[in-house]
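To be precise, the following lines are input_18.txt, and they hold compact mmCIF, C-alpha atoms.
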# COMPACT_ATOMS: atom_id res chain seq x y z
CA CYS A 1 102.84 127.68 108.77
CA VAL A 2 105.47 127.64 111.46
CA TYR A 3 105.68 130.43 114.01
CA VAL A 4 108.62 130.79 116.38
CA ARG A 5 108.95 133.17 119.29
CA GLU A 6 112.01 133.45 121.48
CA SER A 7 112.20 135.42 124.70
CA ASP A 8 114.12 135.36 127.94
CA SER A 9 111.55 132.98 129.40
CA GLY A 10 111.86 130.39 126.59
CA LYS A 11 111.18 129.44 123.02
CA VAL A 12 107.72 128.63 121.62
CA ILE A 13 107.03 126.94 118.29
CA ILE A 14 103.53 126.81 116.82
CA ILE A 15 102.84 124.71 113.73
CA VAL A 16 99.51 125.36 112.01
CA TRP A 17 97.96 123.06 109.42
CA VAL A 18 94.40 124.09 108.45
CA ASP A 19 92.64 123.70 111.82
CA ASP A 20 95.30 121.64 113.61
CA LEU A 21 98.08 123.02 115.82
CA ILE A 22 101.24 121.66 117.33
CA LEU A 23 102.58 123.65 120.25
CA ALA A 24 106.07 123.14 121.61
CA SER A 25 108.10 125.08 124.13
CA SER A 26 111.36 124.89 125.99
CA ASN A 27 109.52 125.96 129.15
CA ALA A 28 106.36 124.32 130.57
CA VAL A 29 105.15 127.57 132.14
CA VAL A 30 105.46 129.43 128.83
CA LEU A 31 103.64 126.60 127.03
CA LYS A 32 100.77 126.77 129.52
CA GLU A 33 100.53 130.55 129.05
CA VAL A 34 100.46 130.23 125.24
CA LYS A 35 97.69 127.63 125.50
CA ARG A 36 95.72 129.96 127.80
CA LEU A 37 96.10 132.93 125.45
CA LEU A 38 95.12 130.92 122.37
CA SER A 39 92.12 129.32 124.08
CA ASN A 40 90.89 132.79 125.12
CA LYS A 41 90.87 133.81 121.45
CA PHE A 42 89.92 130.52 119.72
CA LYS A 43 87.87 127.45 120.51
CA MET A 44 90.53 124.84 121.28
CA LYS A 45 90.88 121.35 122.63
CA ASP A 46 94.13 120.12 124.19
CA LEU A 47 94.73 116.56 123.00
CA GLY A 48 97.80 116.13 125.20
CA PRO A 49 101.24 115.01 124.06
CA ILE A 50 101.46 114.48 120.32
CA SER A 51 101.21 110.95 118.99
CA CYS A 52 99.95 111.46 115.42
CA PHE A 53 99.83 114.43 113.02
CA LEU A 54 98.78 114.32 109.35
CA GLY A 55 99.13 110.54 109.32
CA ILE A 56 102.63 110.67 110.77
CA GLU A 57 103.04 108.71 113.99
CA LEU A 58 105.33 110.41 116.50
CA VAL A 59 107.06 108.94 119.54
CA VAL A 60 108.44 111.65 121.80
CA LYS A 61 111.42 110.62 123.90
CA GLN A 62 113.65 112.59 126.26
CA ASP A 63 116.28 113.35 123.62
CA SER A 64 114.51 112.68 120.33
CA ILE A 65 111.30 112.47 118.35
CA GLU A 66 110.77 109.39 116.20
CA MET A 67 108.52 109.69 113.15
CA ASN A 68 107.06 106.93 111.02
CA GLN A 69 104.22 106.31 108.61
CA SER A 70 103.87 102.55 108.91
CA LYS A 71 100.05 102.70 109.03
CA TYR A 72 100.05 104.92 105.92
CA VAL A 73 102.37 102.47 104.12
CA GLU A 74 100.08 99.56 105.01
CA LYS A 75 97.07 101.58 103.79
CA ILE A 76 98.59 102.41 100.38
CA LEU A 77 99.90 98.86 99.90
CA SER A 78 96.38 97.57 100.55
CA LYS A 79 94.76 100.26 98.36
CA PHE A 80 96.94 99.36 95.38
CA ARG A 81 96.70 95.59 96.06
CA MET A 82 100.38 95.23 96.89
CA SER A 83 100.13 93.95 100.48
CA ASP A 84 101.58 90.57 99.51
CA CYS A 85 104.58 91.97 97.62
CA ASN A 86 108.09 91.19 98.78
CA PRO A 87 110.47 94.03 99.70
CA LYS A 88 113.57 94.64 97.59
CA SER A 89 116.78 96.41 98.50
CA ILE A 90 116.87 98.10 95.06
CA PRO A 91 113.87 99.16 92.93
CA CYS A 92 114.64 96.91 89.96
CA ASP A 93 117.18 94.41 88.68
CA PRO A 94 120.07 96.43 87.16
CA SER A 95 120.69 93.67 84.58
CA ALA A 96 117.14 93.95 83.24
CA ASN A 97 116.93 95.78 79.93
CA LYS A 98 113.30 95.08 79.03
CA LEU A 99 110.02 95.32 80.83
CA ASP A 100 107.88 92.25 80.14
CA VAL A 101 104.34 93.47 80.54
CA SER A 102 101.51 90.96 80.37
CA SER A 103 98.21 92.08 78.89
CA ALA A 104 96.57 92.08 82.35
CA SER A 105 99.11 94.38 83.97
CA LYS A 106 99.49 96.51 80.82
CA ASN A 107 96.01 97.93 81.39
CA ASN A 108 96.93 98.89 84.97
CA LEU A 109 100.09 100.66 83.81
CA CYS A 110 98.12 102.62 81.22
CA ASP A 111 95.56 103.99 83.71
CA PRO A 112 96.78 107.58 84.23
CA LYS A 113 94.57 108.11 87.31
CA LEU A 114 95.94 105.00 89.04
CA TYR A 115 99.50 105.97 88.10
CA ARG A 116 99.02 109.50 89.54
CA GLU A 117 97.55 108.07 92.76
CA ILE A 118 100.47 105.68 93.25
CA VAL A 119 103.11 108.31 92.49
CA GLY A 120 101.34 110.93 94.65
CA SER A 121 101.16 108.49 97.58
CA LEU A 122 104.87 107.73 97.26
CA ILE A 123 105.78 111.42 96.99
CA TYR A 124 103.84 112.18 100.19
CA LEU A 125 105.60 109.30 101.95
CA MET A 126 109.00 110.41 100.64
CA THR A 127 108.45 114.05 101.58
CA CYS A 128 107.37 113.32 105.15
CA THR A 129 109.44 110.44 106.49
CA ARG A 130 111.15 108.43 103.75
CA PRO A 131 113.61 110.56 101.74
CA ASP A 132 115.51 107.33 101.02
CA ILE A 133 112.90 106.25 98.45
CA CYS A 134 113.27 109.33 96.25
CA TYR A 135 116.06 107.80 94.14

Is it possible to give me this structure as C-alpha cells?
Amino acid sequence: CVYVRESDSGKVIIIVWVDDLILASSNAVVLKEVKRLLSNKFKMKDLGPISCFLGIELVVKQDSIEMNQSKYVEKILSKFRMSDCNPKSIPCDPSANKLDVSSASKNNLCDPKLYREIVGSLIYLMTCTRPDICY
C-alpha cells in the first residue's frame, strides 16, 4: 500500500509491504515527526537511508534513485543452472523455424513446476526493474 499526505509543511509518502515500510518526505522535520508518531504506536527500527527493498537494490542520489536487481538475476541464473550462458540482444534467432530439442533438455522443458518457476522469476524481474524483457 502507498499512503501520501500533503500539507503546507511538506509531502510524506509511506510504502507498506507486510511488515516493511519505506518513509519519504520533502521535509526532514516532517519525516522525523512521522517517524516519532509511528514509533509511538508501533514497534519500529530505523534502518537509515534505503539501500535494498524486496530484493531491489536502490542507490539514492541528489536528483535520482537508481534501482537494479543484479543480485536477484545472479541468484536465478544460478538456481536454473544458467550462470555460464551468453547474453543475446534478441531472445532467439529470427531465421529459426524449428526448435531442436535433445532428449536431455526435453525433460527439463516438460517439467511444469520448473517452467512456472522460471517464468515467475522473469515476471517478477520484469515487473520490478526490467520492463524491457517483457517482449

Counting all atoms listed in the file, which residues in region 36-55 of chain A sit no more than 9 Å from region 15-27 of chain A? For each one, give the nearest pair of atoms and the distance in Å, sorted by chain then residue number, as a Markdown table.
| residue | atom | partner | partner_atom | distance |
| --- | --- | --- | --- | --- |
| A:Ile50 | CA | A:Ile22 | CA | 7.8 |
| A:Phe53 | CA | A:Ile22 | CA | 8.5 |
| A:Leu54 | CA | A:Trp17 | CA | 8.8 |

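With all atoms listed in the file as the atoms that count, the minimum distance from Ser78 (chain A) to the choices A:Cys1, A:Cys110, A:Ile118, A:Met126 is reached by A:Ile118.
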
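For the pair CA of Gly55 (chain A) and CA of Asn68 (chain A), the separation is 8.9 Å.
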
**OP:** One decimal, Å: what's the distance from CA of Lys79 (chain A) over to CA of Glu117 (chain A), could you say?
**Re:** 10.0 Å

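Of note, CA of Gln69 (chain A) and CA of Glu57 (chain A) are spaced 6.0 Å apart.
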
Subject >> Top pick for closest residue to Ser70 (chain A), considering A:Arg130, A:Lys41, A:Arg116, A:Lys32 and counting all atoms listed in the file >> reply: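 Nearest candidate to Ser70 (chain A) out of A:Arg130, A:Lys41, A:Arg116, A:Lys32: A:Arg130.
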
Original post:
Could you name the residues that touch Leu125 (chain A) at 9 Å or less, counting only C-alpha atoms, but leaving out those on the same chain fewer than 5 positions away, as a list of chain:residue names?
Top reply: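 The contact residues come out as A:Gln69, A:Tyr72, A:Val73, A:Gly120, A:Arg130, A:Pro131, A:Ile133.
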
Dump of C-alpha atoms for the selected residues, as a short mmCIF file (atom, residue, chain, number, x, y, z; two decimals), in the coordinates of the input:
data_model
loop_
_atom_site.label_atom_id
_atom_site.label_comp_id
_atom_site.auth_asym_id
_atom_site.auth_seq_id
_atom_site.Cartn_x
_atom_site.Cartn_y
_atom_site.Cartn_z
CA GLN A 69 104.22 106.31 108.61
CA TYR A 72 100.05 104.92 105.92
CA VAL A 73 102.37 102.47 104.12
CA GLY A 120 101.34 110.93 94.65
CA ARG A 130 111.15 108.43 103.75
CA PRO A 131 113.61 110.56 101.74
CA ILE A 133 112.90 106.25 98.45
#
